[in-house]
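Inspection log for the structure reproduced underneath, given as structure tokens.
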Amino acid sequence: MPALAHVAFRWSSCSALVVWLTLAATLGGQTQHPTTHPITGRRFAAVMGYQGADWLDREERDIEEAPDKALDALSIAPGMTVADIGAGSGYMTVRLARRVGPSGRVFAEDIQPQMIELLRRRLERERLDNVTPGLGTVDDPKLPPAAVDLAILVDVYHEFSEPVMMLAGLRAALKPGGRLVLLEYRKEDPSIPIRFEHKMSVAEAKAEVEASGFTLTKVDQRLPRQHILIFTKP
């Protein structure tokens, strides 16, 4: 399949979604074998390749995901240190950077060097200097210990091939009382137009994340299609 940037016609939101998921399955299948979570039996989704980055910045995303409404729910204050895990090309990173302000810091992590490069270019365009891009691995977010107030994963956790190890790394990076936030498409709603393995239920997330030492403290359903699942580190 050609890279999304080479497609000449304008997609509808649904068409773009189908193409992105097909690309994700193809690229992911080249680097990992399908596997399942040891607690829930949930099948891990394929990682979206950097070739699909245009889909992350599609115009329809503001309507479909209401990112600013999601961040409003988290009460992110100036001066906070936030980690954007699976930051991609920086769609959420720039929003986080503006909220924490010059006295705050955003660690923007991704496992693909090409995504990190796209992120750096975006930060230059936006003239933001309170973001630290970082290249992680599938089993380690590469964050400083006990430094983060909030870690947010937007449609990312379901793609982890090593979720137990990643959660351990995120727990180590969070300060005591720090929050881990998952935004995931609601598996409980079959009308949401996304493939089953790219959705998560509240029950799945609770079982998997709490097993790694977190507590599910809030389930916020204000978004059109996604759960906001807020976990806390004791």
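Letters for chains follow the order of the structure tokens (A, B, ...), residue numbers begin at 1 for each chain, and ligand numbers begin at 1 in the order shown.
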
Contact check, region 57-168 of chain A to region 197-209 of chain A, at most 10 Å, counting only C-alpha atoms, closest pairs as CSV:
```
residue,atom,partner,partner_atom,distance
A:Asp155,CA,A:His198,CA,7.9
A:Val156,CA,A:His198,CA,9.0
A:Tyr157,CA,A:Ala205,CA,9.1
A:His158,CA,A:His198,CA,6.4
A:Glu159,CA,A:His198,CA,7.7
A:Pro163,CA,A:Glu208,CA,8.4
A:Val164,CA,A:Glu208,CA,8.2
A:Leu167,CA,A:Val209,CA,7.3
A:Ala168,CA,A:Val209,CA,9.8
```

Give me the residues near Val148 (chain A) as number ranges by chain, where near means some atom within 10 Å (using only C-alpha atoms) and where sequence neighbours in that chain fewer than 3 positions away do not count. A: 80-83, 105-107, 143-145, 151, 170-176, 178-180

For the residues in that selection, give me C-alpha atoms as an mmCIF file, in the first residue's frame.
```cif
data_model
loop_
_atom_site.group_PDB
_atom_site.id
_atom_site.type_symbol
_atom_site.label_atom_id
_atom_site.label_comp_id
_atom_site.auth_asym_id
_atom_site.auth_seq_id
_atom_site.Cartn_x
_atom_site.Cartn_y
_atom_site.Cartn_z
ATOM 1 C CA MET A 80 3.087 20.368 35.707
ATOM 2 C CA THR A 81 5.302 17.682 34.185
ATOM 3 C CA VAL A 82 3.359 15.528 31.732
ATOM 4 C CA ALA A 83 4.352 12.545 29.587
ATOM 5 C CA ARG A 105 7.576 20.212 30.872
ATOM 6 C CA VAL A 106 6.208 17.624 28.432
ATOM 7 C CA PHE A 107 8.080 14.408 27.761
ATOM 8 C CA LEU A 143 11.392 8.407 31.298
ATOM 9 C CA PRO A 144 13.209 9.838 34.334
ATOM 10 C CA PRO A 145 12.187 8.228 37.639
ATOM 11 C CA ALA A 151 1.161 10.288 31.836
ATOM 12 C CA LEU A 170 5.364 4.300 33.656
ATOM 13 C CA ARG A 171 4.723 3.575 37.312
ATOM 14 C CA ALA A 172 8.401 4.200 38.074
ATOM 15 C CA ALA A 173 8.274 7.506 36.173
ATOM 16 C CA LEU A 174 5.231 8.836 38.023
ATOM 17 C CA LYS A 175 5.460 10.733 41.267
ATOM 18 C CA PRO A 176 3.533 9.323 44.255
ATOM 19 C CA GLY A 178 0.614 10.641 39.894
ATOM 20 C CA ARG A 179 -2.038 9.836 37.311
ATOM 21 C CA LEU A 180 -1.966 7.463 34.361
#
```

Residues near region 62-70 of chain A, cut-off 12 Å, only C-alpha atoms, skip fewer than 2 positions along chain, as a PyMOL selection string: chain A and resi 13-14+17+56-60+72-76+91-96+98-99+152-155+181-186+192-194+219-230

Would you mind writing down, as an MDAnalysis selection string, each residue of region 4-197 of chain A that DSSP on the backbone assigns to helix (DSSP H, G or I)? chainID A and resid 4:6 13:31 50:56 61:65 67:72 93:100 113:126 157:159 163:173 196:197

Restricting to only C-alpha atoms, whichever of A:Thr137, A:Ser212, A:Gln112, A:Thr36 is closest to Met48 (chain A) is A:Gln112

Run DSSP on the backbone and give me the residues of region 48-137 of chain A it puts in strand (DSSP E or B), as an MDAnalysis selection string. chainID A and resid 81:85 105:110 131:135 137

Quick one: residues within 8 Å of region 125-129 of chain A, only C-alpha atoms, excluding same-chain residues fewer than 3 positions away - as a CSV table (one decimal) with C-alpha atoms, in the first residue's frame?
```csv
chain,number,residue,atom,x,y,z
A,94,VAL,CA,1.4,20.8,21.5
A,97,ALA,CA,2.8,22.0,26.1
A,102,PRO,CA,6.9,27.8,30.2
A,121,ARG,CA,9.5,19.6,13.1
A,122,ARG,CA,6.2,20.4,14.6
```

d(CA of Ala45 (chain A), CA of Arg120 (chain A)) in Å: 26.4 Å

Ranking A:Asn130, A:Thr40, A:Ser89, A:Ser103 by minimum distance to Gly52 (chain A) and counting only C-alpha atoms, which one comes first?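 Nearest candidate to Gly52 (chain A) out of A:Asn130, A:Thr40, A:Ser89, A:Ser103: A:Ser89.
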
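Of the listed residues A:Arg61, A:Pro113, A:Gly169, A:Ala46, the one whose atoms come nearest to Ala146 (chain A) is A:Gly169, with distances taken using only C-alpha atoms.
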